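Student: Before anything else, here's the structure in question.
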Amino acid sequence: MIPEIGHYAAILALAVALVQGTLPLIGAARGDRAWMAIGSSAAITLFLLVALAYGCLTWAHVVSDFSVVNVVENSHHDKPLLYKIAGVWGNHEGSLMLWSLILALYGAAVALFGGNLPASLRARVLGVQAWISIGFLLFMLLTSNPFLRLFPAPPDGNGLNPLLQDPGLAFHPPFLYLGYVGFSMAFAFAIAALIEGKVDPAWARWVRPWTLVAWCFLTIGITMGSWWAYYTLGWGGWWYWDPVENASLMPWLAGTALLHSAIVVEKRDTLKSWTILLAMLTFSLSLLGTFLVRSGVLTSVHAFAVDPKRGVFILGFLVFAVGGSLALYAWRAPSLKIGGLFQPISREGALVLNNLLLATLCGTVLLGTLYPLALDALTGQQVSVGPPYFNSVVIPLMVPLVGAMAVGPLMAWKRADLAGALARLKAAFALAAIAALVTFWTVYGGSLLPVLGMVLVVWLLLGSLIEFALRVRLFTVPLTQSVARAWHLPRSSWGMTIAHMGLGLTILGITISGTWSSDHLGVMRPGDTAHLGPYAFTLAGTAPVKGPNFTARQATFDVTRDGEPVAILHPETRHFTVPPMDTTKAAIRSSPFDDLYAVIGDADGHGGYAVRLYQKPLVSWIWLGGAAMMLGGALSLTDRRLRVGAPGRKRRPEADPHRPEADPHRPEADPHRPEAGPPRLQEA
Amino acid sequence: MRWKFALPLVLFLGLMALLLCGLGLDMRDIPSAKIGEPVPTFNLPPVGSLPGLASKDLGHGQVVLVNVFASWCVSCRQEHPLLLALKQQGEVAIYGIDYKDEPAAATAWLNELGDPYSRIGDDHSGRVAINWGVYGVPETYVIGKDGKIAYKQIGPVTAEALRDKILPLVRKLRAAP
């Protein structure tokens with residue numbers, strides 16, 4: 001009964017989405033306020049219905065209702081409750097359900113918090129959002145219905161892929177989806193702006209927070225995914241340039257570019273058609289990622305549903321959504337008014353450079369991901385494009401990007417003094433040069449990549465700190481005054497400094513762990529000791545253990561440093577019976593300085609076991625950097641300037657009166673915004 | 001001026017056409033495209049005291065096995081005794097490609113477990129393996145007298161695969177003119 005309620009709710013949701021996708025748009029075209037207002041109530045209803053459907057599916061999983069095909073295929077009585085709940089989105093049908101739920105959640109958020117949007121813009125945004133919902137709900141109901149029944153019901157289910165039974169993996173898809181789907185907001189705003197014919201600083205102020213929310217979620221989702229790969233796949237690697245990873249990286253790169261170009265639209269009222277295009281591309285890349293993962297066009301360890309019929313549907317949807325929006329762009333964008341002019345050497349120029357590099361980076365990743373497919377389609381030749389390609393194209397693009405990241409924030413709007421900005425970075429230059437020499441001396445005769453990496457790290461971290469110090473006038477005014485200035489800085493500048501430094505920390509982790517790791521791969525018998533760096537790993541013994549739905553062989557490693565005990569590691573080889581599969585569970589002792597990583601493999605039949613041991617210095621900084629980027633984004637989001645949906649907020653007394661752009665309710669604060677209202681697009 | 005705004009649309013439609021073609025292809029079949037083709041051109045330095053391996057060493061009227069392995073690979077350890085036994089029998093020569101491995105680690109590994117190879121090429125970067133179409137280690141290729149790839153075993157060589165597929169194929173290829 002409950003699954004039928006869910007099924008019915010999903011169908012009703014489709015009907016509501018159809019209403020939301022038509023009436024408000026017509027209302028906005030005619031200027032009919034009542035019809036426009038339907039959008040908000042429809043969006044909230046849609047969310048409630050999808051949430052009901054989602055809840056019903058979760059219920060079926062939790063109580064193990066094996067008359068539902070989806071539950072049979074992906075669940076099992078013995079599965080822990082956590083994975084019964086997480087198992088809902090651990091499969092194709094359920095993950096679509098989650099997609100739709102998050103999409104409806106964002107729609108409801110516009111309806112609830114979009115009170116300060118112009119009515120017609122809000123109606124159009126909700127209308128566009130509804131069309132995306134329609135696409136996904138139709139896709140789910142027509143090709144991948146999670147509510148289908150099975151008769152007679154089998155006594156037990158097939159179980160969930162054991163690799164997916166892991167807290168890190170269980171919780172990273174929702175974050176990824178919050179990111180992917182979040183970019184649909186920027187997309188909807190872009191389409192609405194094109195229909196409306198109006199792109200102005202106010203538009204950018206509405207788009208930025210939504211983009212920032214999506215970007216933060218995507219950042220944390222990618223970070224968690226990479227961490228999961230690191231500790232579950234058992235090779236100590238953290239990024240594989242796998243198509244599914246690339247599918248999440250591409251929207252992230254485009255979204256990062258969008259965040260930065262939206263600043264230019266907001267502050268300088270220029271770069272509009274590029275920002276619109278970027279907003280559309282970012283979400284299109286999210287959709288493309290979904291297509292690549294779901295259709296089986298590319299083979300990947302992560303891809304779980306392969307069905308050509310589904311592929312054709314998503315392809316059709318892509319053509320409709322992306323093709324339609326790009327056609328709209330081709331038609332309307334030429335008439336967008338060119339905004340303020342600027343010199344190439346300026347803050348705008350630096351942000352354009354950032355956009356160019358990020359877009360190139362994104363295009364390169366796209367090329368590498370699709371190249372095998374293109375070659376196969378055109379010549380029938382099959383190749384795989386792997387890390388050698390990606391590393392050799394991504395690193396040369398990262399160098400100028402990081403180089404400019406430290407300089408850009410020091411440049412003034414409109415026209416900047418590059419020599420002056422560089423002069424202020426003297427200390428960063430000097431220390432980067434010292435870092436280069438020290439690293440070169442340490443790795444002498446080896447690869448020069450660590451030298452490059454350390455130079456970038458020092459340059460970026462120090463450059464960000466110098467910019468921050470200059471902002472608070474550290475050392476030029478008394479310290480208490482500097483602290484006070486730092487306290488009153490807009491949160492967005494705190495956010496920028498933290499996020500930029502986060503990237504520096506990630507590069508630091510990549511460089512150090514990639515260069516100075518040590519490993520031991522071989523057979524060890526109980527009592528054997530392996531030496532890695534300053535550590536000694538002794539295999540104390542192995543013992544069988546039993547988990548809730550698996551049996552395992554657990555090894556015990558005593559790790560010592562100069563005779564002092566450091567850690568005891570318990571790696572396992574797990575054998576799952578439903579479905580039959582062996583997985584390895586690495587044991588990791590993480591610390592800020594280094595990770596100790598142990599994996600136990602097969603027995604060699606003579607009392608020994610294949611083991612892999614690693615000591616990886618600073619590797620956890622890779623993910624700490626990711627967390628810092630997310631934190632920077634989140635801090636920026638709390639900036640008063642970006643607060644939407646809370647009109648009429650009182651000025652905070654401590655707000656710095658010299659920073660007028662921190663207050664969205666003072667339009668005169670923006671000197672570039674004409675008094676007579678935002679510039680309107682001339683009808684072509 | 002206007003046409004440049006249509007450029008994204010044109011590019012996108014091209015991409016969609018490509019993906020439509022892609023749907024028609026069956027990418028899930030492990031590629032066997034290399035089968036029946038000559039081995040790619042390559043020249044790999046040696047590991048330890050054995051000679052290295054290059055494309056010119058293959059063919060010349062000899063049937064050989066090329067085994068892609070690595071000291072860090074657990075399944076390679078599993079198939080290793082079978083390769084050693086095969087070497088003892090002396091029926092067919094086994095050449096190795098050491099995939100993304102430190103030569104010192106590979107040498108230590110072979111010293112510990114025994115060395116079934118008569119040539120080993122050191123593919124430190126893994127680029128040669130890409131040209132071979134290697135999916136993962138271990139993989140074992142049967143190379144015919146004409147230097148063409150006749151068969152590819154993905155994953156460890158098992159006793160059954162050796163008995164039912166690889167050795168019969170080696171004999172057939174050797175008997176062929």
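Scheme for the structure tokens: letters A, B, ... for chains in order shown; per-chain residue numbers from 1; ligand numbers from 1 in order shown.
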Range 241-252 of chain A: which residues within 8 Å, counting only C-alpha atoms, same-chain residues fewer than 2 positions away excluded, as a VMD selection string?

Tutor: chain A and resid 176 180 215 218 to 219 222 239 254 to 256 282 to 283 285 to 286 288 to 290 292 to 293 298 to 303 362 365 to 366 369 386 to 387 390

Student: I'd like the neighbourhood of range 69-72 of chain B as a count of residues only, where a residue qualifies if any of its atoms comes within 10 Å (using only C-alpha atoms), though same-chain residues fewer than 2 positions away should be ignored.

Tutor: 39

Student: To one decimal place, how far is CA of Ile600 in chain A from CA of Arg574 in chain A in Å?

Tutor: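 Computing it gives 10.2 Å between the two atoms.
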
Student: Mind giving me the straight-line distance from CA of Phe171 in chain A to CA of Ser75 in chain A in Å, one decimal?

Tutor: 17.0 Å

Student: Measuring atom to atom with only C-alpha atoms, identify which of B:Lys56, B:Arg171, B:Lys145, B:Lys87 is nearest to Asn43 in chain B.

Tutor: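 That would be B:Lys56, the residue with the smallest distance to Asn43 in chain B.
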
Student: Write out as a VMD selection string all residues of range 17-158 of chain B that backbone DSSP assigns to alpha helix (DSSP H).

Tutor: chain B and resid 17 to 24 74 to 89 103 to 113 127 to 132

Student: Would you mind telling me which residue in B:Gln78, B:Thr41, B:Gln88, B:Ser125 lies nearest to Leu58 in chain B when using only C-alpha atoms?

Tutor: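 Under the stated criterion, the closest residue is B:Thr41.
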
Student: Contacts of Met140 in chain A at 12 Å or less, counting only C-alpha atoms, minus same-chain residues fewer than 4 places along, as a list of chain:residue names?

Tutor: A:His7, A:Ala10, A:Ile11, A:Ala13, A:Leu14, A:Val50, A:Ala53, A:His92, A:Glu93, A:Gly94, A:Ser95, A:Leu96, A:Met97, A:Leu98, A:Trp99, A:Ser100, A:Ser133, A:Ile134, A:Gly135, A:Phe136, A:Ser144, A:Asn145, A:Pro146, A:Phe147, A:Leu148, A:Arg310, A:Phe313, A:Ile314

Student: How about saving the chosen residues, N, CA and C atoms kept, as a PDB file, in the first residue's frame?

Tutor:
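Once written, out-v8.pdb looks like this:
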```
ATOM      1  N   HIS A   7       4.035   6.061  -5.368  1.00  0.00           N
ATOM      2  CA  HIS A   7       3.902   6.078  -6.821  1.00  0.00           C
ATOM      3  C   HIS A   7       2.892   7.162  -7.250  1.00  0.00           C
ATOM      4  N   ALA A  10       4.185  10.591  -6.816  1.00  0.00           N
ATOM      5  CA  ALA A  10       5.124  10.965  -7.872  1.00  0.00           C
ATOM      6  C   ALA A  10       4.363  11.404  -9.126  1.00  0.00           C
ATOM      7  N   ILE A  11       3.266  10.701  -9.431  1.00  0.00           N
ATOM      8  CA  ILE A  11       2.488  11.076 -10.618  1.00  0.00           C
ATOM      9  C   ILE A  11       1.821  12.440 -10.405  1.00  0.00           C
ATOM     10  N   ALA A  13       2.927  14.741  -8.518  1.00  0.00           N
ATOM     11  CA  ALA A  13       4.001  15.733  -8.569  1.00  0.00           C
ATOM     12  C   ALA A  13       4.260  16.143 -10.013  1.00  0.00           C
ATOM     13  N   LEU A  14       4.213  15.156 -10.908  1.00  0.00           N
ATOM     14  CA  LEU A  14       4.419  15.470 -12.325  1.00  0.00           C
ATOM     15  C   LEU A  14       3.346  16.445 -12.809  1.00  0.00           C
ATOM     16  N   VAL A  50       6.861  15.318  -3.749  1.00  0.00           N
ATOM     17  CA  VAL A  50       8.072  14.543  -4.016  1.00  0.00           C
ATOM     18  C   VAL A  50       8.637  13.999  -2.700  1.00  0.00           C
ATOM     19  N   ALA A  53       6.674  10.976  -1.805  1.00  0.00           N
ATOM     20  CA  ALA A  53       7.083   9.825  -2.611  1.00  0.00           C
ATOM     21  C   ALA A  53       8.425   9.287  -2.112  1.00  0.00           C
ATOM     22  N   HIS A  92      20.157   3.343  -9.160  1.00  0.00           N
ATOM     23  CA  HIS A  92      19.748   4.275 -10.207  1.00  0.00           C
ATOM     24  C   HIS A  92      18.397   4.931  -9.931  1.00  0.00           C
ATOM     25  N   GLU A  93      17.353   4.114  -9.697  1.00  0.00           N
ATOM     26  CA  GLU A  93      15.993   4.656  -9.543  1.00  0.00           C
ATOM     27  C   GLU A  93      15.920   5.594  -8.340  1.00  0.00           C
ATOM     28  N   GLY A  94      16.475   5.113  -7.217  1.00  0.00           N
ATOM     29  CA  GLY A  94      16.415   5.906  -5.995  1.00  0.00           C
ATOM     30  C   GLY A  94      17.208   7.199  -6.113  1.00  0.00           C
ATOM     31  N   SER A  95      18.332   7.138  -6.864  1.00  0.00           N
ATOM     32  CA  SER A  95      19.125   8.358  -6.956  1.00  0.00           C
ATOM     33  C   SER A  95      18.371   9.405  -7.780  1.00  0.00           C
ATOM     34  N   LEU A  96      17.570   8.949  -8.749  1.00  0.00           N
ATOM     35  CA  LEU A  96      16.728   9.899  -9.489  1.00  0.00           C
ATOM     36  C   LEU A  96      15.696  10.524  -8.568  1.00  0.00           C
ATOM     37  N   MET A  97      15.169   9.680  -7.676  1.00  0.00           N
ATOM     38  CA  MET A  97      14.192  10.154  -6.704  1.00  0.00           C
ATOM     39  C   MET A  97      14.835  11.269  -5.865  1.00  0.00           C
ATOM     40  N   LEU A  98      16.076  11.044  -5.443  1.00  0.00           N
ATOM     41  CA  LEU A  98      16.774  12.047  -4.635  1.00  0.00           C
ATOM     42  C   LEU A  98      17.026  13.321  -5.446  1.00  0.00           C
ATOM     43  N   TRP A  99      17.418  13.140  -6.711  1.00  0.00           N
ATOM     44  CA  TRP A  99      17.602  14.278  -7.618  1.00  0.00           C
ATOM     45  C   TRP A  99      16.336  15.134  -7.625  1.00  0.00           C
ATOM     46  N   SER A 100      15.190  14.455  -7.870  1.00  0.00           N
ATOM     47  CA  SER A 100      13.930  15.195  -7.964  1.00  0.00           C
ATOM     48  C   SER A 100      13.611  15.886  -6.655  1.00  0.00           C
ATOM     49  N   SER A 133      12.160  19.707 -13.442  1.00  0.00           N
ATOM     50  CA  SER A 133      11.452  18.700 -12.644  1.00  0.00           C
ATOM     51  C   SER A 133      10.653  17.765 -13.533  1.00  0.00           C
ATOM     52  N   ILE A 134       9.955  18.346 -14.511  1.00  0.00           N
ATOM     53  CA  ILE A 134       9.153  17.513 -15.412  1.00  0.00           C
ATOM     54  C   ILE A 134      10.049  16.483 -16.083  1.00  0.00           C
ATOM     55  N   GLY A 135      11.195  16.946 -16.568  1.00  0.00           N
ATOM     56  CA  GLY A 135      12.118  16.033 -17.232  1.00  0.00           C
ATOM     57  C   GLY A 135      12.520  14.878 -16.326  1.00  0.00           C
ATOM     58  N   PHE A 136      12.880  15.203 -15.107  1.00  0.00           N
ATOM     59  CA  PHE A 136      13.360  14.143 -14.220  1.00  0.00           C
ATOM     60  C   PHE A 136      12.241  13.221 -13.756  1.00  0.00           C
ATOM     61  N   SER A 144      12.499   4.374 -15.221  1.00  0.00           N
ATOM     62  CA  SER A 144      13.185   3.861 -14.030  1.00  0.00           C
ATOM     63  C   SER A 144      12.300   4.011 -12.805  1.00  0.00           C
ATOM     64  N   ASN A 145      11.164   3.367 -12.828  1.00  0.00           N
ATOM     65  CA  ASN A 145      10.215   3.550 -11.741  1.00  0.00           C
ATOM     66  C   ASN A 145      10.642   2.763 -10.498  1.00  0.00           C
ATOM     67  N   PRO A 146      10.876   3.442  -9.390  1.00  0.00           N
ATOM     68  CA  PRO A 146      11.327   2.716  -8.204  1.00  0.00           C
ATOM     69  C   PRO A 146      10.196   2.007  -7.454  1.00  0.00           C
ATOM     70  N   PHE A 147       8.933   2.268  -7.860  1.00  0.00           N
ATOM     71  CA  PHE A 147       7.813   1.731  -7.079  1.00  0.00           C
ATOM     72  C   PHE A 147       7.242   0.450  -7.678  1.00  0.00           C
ATOM     73  N   LEU A 148       7.871  -0.096  -8.718  1.00  0.00           N
ATOM     74  CA  LEU A 148       7.307  -1.285  -9.351  1.00  0.00           C
ATOM     75  C   LEU A 148       7.277  -2.449  -8.362  1.00  0.00           C
ATOM     76  N   ARG A 310      17.291   4.318 -21.359  1.00  0.00           N
ATOM     77  CA  ARG A 310      17.476   5.468 -20.474  1.00  0.00           C
ATOM     78  C   ARG A 310      18.408   6.479 -21.116  1.00  0.00           C
ATOM     79  N   PHE A 313      16.610   8.614 -23.525  1.00  0.00           N
ATOM     80  CA  PHE A 313      15.754   9.593 -22.859  1.00  0.00           C
ATOM     81  C   PHE A 313      16.577  10.780 -22.368  1.00  0.00           C
ATOM     82  N   ILE A 314      17.687  10.479 -21.673  1.00  0.00           N
ATOM     83  CA  ILE A 314      18.481  11.597 -21.126  1.00  0.00           C
ATOM     84  C   ILE A 314      19.036  12.425 -22.263  1.00  0.00           C
TER      85      ILE A 314
END
```

Student: May I ask for the distance between CA of Cys56 in chain A and CA of Ala104 in chain A, given in Å to one decimal place?

Tutor: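 For CA of Cys56 in chain A relative to CA of Ala104 in chain A, the distance reads 16.4 Å.
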
Student: Quick check for you: according to DSSP on this backbone, which residues of chain B are classed as strand (DSSP E or B)? Reply as JSON, numbers by chain.

Tutor: {"B": [38, 43, 44, 46, 53, 54, 64, 65, 66, 67, 68, 69, 93, 94, 95, 96, 97, 98, 99, 119, 120, 121, 122, 123, 139, 140, 141, 142, 143, 148, 149, 150, 151, 152, 153, 154]}

Student: Next, the residues of the selection above should be written as a short mmCIF file (atom, residue, chain, number, x, y, z; two decimals), in the first residue's frame with N, CA, C and O atoms.

Tutor:
```
data_model
loop_
_atom_site.label_atom_id
_atom_site.label_comp_id
_atom_site.auth_asym_id
_atom_site.auth_seq_id
_atom_site.Cartn_x
_atom_site.Cartn_y
_atom_site.Cartn_z
N PRO B 38 48.59 -6.09 -35.26
CA PRO B 38 50.00 -6.20 -34.86
C PRO B 38 50.20 -5.51 -33.51
O PRO B 38 49.46 -4.58 -33.17
N ASN B 43 59.43 0.26 -27.23
CA ASN B 43 60.79 -0.15 -26.91
C ASN B 43 61.00 0.15 -25.43
O ASN B 43 61.06 1.31 -25.03
N LEU B 44 61.06 -0.90 -24.63
CA LEU B 44 61.13 -0.71 -23.18
C LEU B 44 62.49 -1.14 -22.64
O LEU B 44 63.03 -2.17 -23.06
N PRO B 46 65.27 -2.67 -19.94
CA PRO B 46 65.19 -3.91 -19.16
C PRO B 46 64.95 -3.67 -17.67
O PRO B 46 65.10 -2.56 -17.18
N LEU B 53 62.39 -5.28 -23.59
CA LEU B 53 61.41 -5.79 -24.54
C LEU B 53 61.02 -4.67 -25.50
O LEU B 53 60.76 -3.55 -25.08
N ALA B 54 60.99 -5.02 -26.79
CA ALA B 54 60.57 -4.04 -27.80
C ALA B 54 59.71 -4.76 -28.82
O ALA B 54 59.70 -5.99 -28.88
N VAL B 64 54.69 -16.35 -28.62
CA VAL B 64 55.08 -16.05 -27.24
C VAL B 64 53.89 -15.51 -26.44
O VAL B 64 52.88 -15.11 -27.02
N LEU B 65 54.04 -15.54 -25.13
CA LEU B 65 53.07 -14.89 -24.26
C LEU B 65 53.69 -13.59 -23.75
O LEU B 65 54.88 -13.55 -23.43
N VAL B 66 52.90 -12.55 -23.70
CA VAL B 66 53.34 -11.31 -23.07
C VAL B 66 52.46 -11.08 -21.85
O VAL B 66 51.23 -10.97 -21.97
N ASN B 67 53.09 -11.07 -20.69
CA ASN B 67 52.35 -10.96 -19.43
C ASN B 67 52.61 -9.58 -18.82
O ASN B 67 53.75 -9.19 -18.61
N VAL B 68 51.53 -8.84 -18.60
CA VAL B 68 51.67 -7.52 -17.98
C VAL B 68 51.49 -7.71 -16.47
O VAL B 68 50.47 -8.23 -16.03
N PHE B 69 52.50 -7.30 -15.71
CA PHE B 69 52.45 -7.56 -14.27
C PHE B 69 53.02 -6.38 -13.52
O PHE B 69 53.51 -5.41 -14.11
N ALA B 93 57.66 -19.31 -24.59
CA ALA B 93 58.42 -18.27 -23.87
C ALA B 93 57.45 -17.23 -23.32
O ALA B 93 56.44 -16.93 -23.94
N ILE B 94 57.76 -16.70 -22.14
CA ILE B 94 56.93 -15.66 -21.55
C ILE B 94 57.76 -14.39 -21.44
O ILE B 94 58.84 -14.38 -20.86
N TYR B 95 57.24 -13.32 -22.03
CA TYR B 95 57.87 -12.02 -21.90
C TYR B 95 57.03 -11.21 -20.92
O TYR B 95 55.81 -11.37 -20.87
N GLY B 96 57.68 -10.36 -20.16
CA GLY B 96 56.94 -9.56 -19.18
C GLY B 96 56.96 -8.09 -19.51
O GLY B 96 57.92 -7.58 -20.09
N ILE B 97 55.87 -7.41 -19.18
CA ILE B 97 55.88 -5.94 -19.17
C ILE B 97 55.59 -5.53 -17.73
O ILE B 97 54.54 -5.87 -17.18
N ASP B 98 56.55 -4.85 -17.13
CA ASP B 98 56.42 -4.46 -15.72
C ASP B 98 55.72 -3.12 -15.69
O ASP B 98 56.27 -2.10 -16.09
N TYR B 99 54.47 -3.14 -15.20
CA TYR B 99 53.57 -2.00 -15.36
C TYR B 99 53.63 -1.08 -14.16
O TYR B 99 53.37 -1.50 -13.03
N ARG B 119 62.27 -12.15 -21.04
CA ARG B 119 62.55 -10.74 -21.29
C ARG B 119 61.58 -9.94 -20.44
O ARG B 119 60.43 -10.36 -20.27
N ILE B 120 62.02 -8.80 -19.94
CA ILE B 120 61.09 -7.93 -19.22
C ILE B 120 61.31 -6.49 -19.67
O ILE B 120 62.45 -6.01 -19.70
N GLY B 121 60.22 -5.82 -20.03
CA GLY B 121 60.31 -4.41 -20.36
C GLY B 121 59.77 -3.59 -19.19
O GLY B 121 58.77 -3.96 -18.58
N ASP B 122 60.43 -2.49 -18.90
CA ASP B 122 60.03 -1.67 -17.75
C ASP B 122 59.14 -0.52 -18.26
O ASP B 122 59.61 0.45 -18.81
N ASP B 123 57.84 -0.67 -18.04
CA ASP B 123 56.89 0.38 -18.47
C ASP B 123 56.58 1.24 -17.26
O ASP B 123 55.51 1.16 -16.68
N GLU B 139 47.42 -8.89 -17.11
CA GLU B 139 46.81 -9.28 -18.38
C GLU B 139 47.85 -10.07 -19.15
O GLU B 139 49.06 -9.82 -19.01
N THR B 140 47.37 -11.02 -19.94
CA THR B 140 48.31 -11.86 -20.67
C THR B 140 47.89 -11.94 -22.12
O THR B 140 46.73 -12.19 -22.42
N TYR B 141 48.82 -11.64 -23.02
CA TYR B 141 48.55 -11.64 -24.45
C TYR B 141 49.25 -12.83 -25.10
O TYR B 141 50.37 -13.17 -24.73
N VAL B 142 48.56 -13.44 -26.08
CA VAL B 142 49.20 -14.47 -26.90
C VAL B 142 49.57 -13.80 -28.22
O VAL B 142 48.70 -13.23 -28.89
N ILE B 143 50.87 -13.82 -28.57
CA ILE B 143 51.34 -13.17 -29.79
C ILE B 143 51.72 -14.26 -30.80
O ILE B 143 52.51 -15.16 -30.48
N LYS B 148 51.15 -10.63 -34.43
CA LYS B 148 49.83 -10.08 -34.17
C LYS B 148 49.26 -10.64 -32.87
O LYS B 148 49.56 -11.78 -32.50
N ILE B 149 48.43 -9.83 -32.21
CA ILE B 149 47.83 -10.27 -30.96
C ILE B 149 46.73 -11.27 -31.27
O ILE B 149 45.81 -10.96 -32.03
N ALA B 150 46.82 -12.48 -30.72
CA ALA B 150 45.83 -13.51 -31.03
C ALA B 150 44.80 -13.65 -29.92
O ALA B 150 43.66 -14.03 -30.17
N TYR B 151 45.19 -13.32 -28.69
CA TYR B 151 44.27 -13.52 -27.58
C TYR B 151 44.72 -12.67 -26.41
O TYR B 151 45.90 -12.35 -26.27
N LYS B 152 43.73 -12.30 -25.59
CA LYS B 152 44.08 -11.50 -24.42
C LYS B 152 43.34 -12.05 -23.22
O LYS B 152 42.12 -12.19 -23.26
N GLN B 153 44.08 -12.42 -22.21
CA GLN B 153 43.49 -12.90 -20.96
C GLN B 153 43.47 -11.72 -20.00
O GLN B 153 44.51 -11.17 -19.66
N ILE B 154 42.24 -11.35 -19.57
CA ILE B 154 42.14 -10.25 -18.62
C ILE B 154 42.06 -10.82 -17.22
O ILE B 154 41.28 -11.73 -16.98
#
```

Student: Pick out the closest residue to Leu456 in chain A from this set: A:Met185, A:Ile512, A:Val399, A:Leu358. Count only C-alpha atoms.

Tutor: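 Going through A:Met185, A:Ile512, A:Val399, A:Leu358 one by one, the smallest distance to Leu456 in chain A is for A:Val399.
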
Student: With distances taken over only C-alpha atoms, which of B:Gly14, B:Gly155, B:Gly61, B:Gly22 is nearest to chain A?

Tutor: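 Of the candidates, the smallest distance to chain A is held by B:Gly22.
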
Student: Considering only C-alpha atoms, can you say which of A:His172, A:Arg30, A:Lys309, A:Arg208 comes closest to chain B?

Tutor: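 Checking each of A:His172, A:Arg30, A:Lys309, A:Arg208 against chain B, counting only C-alpha atoms, the winner is A:Lys309.
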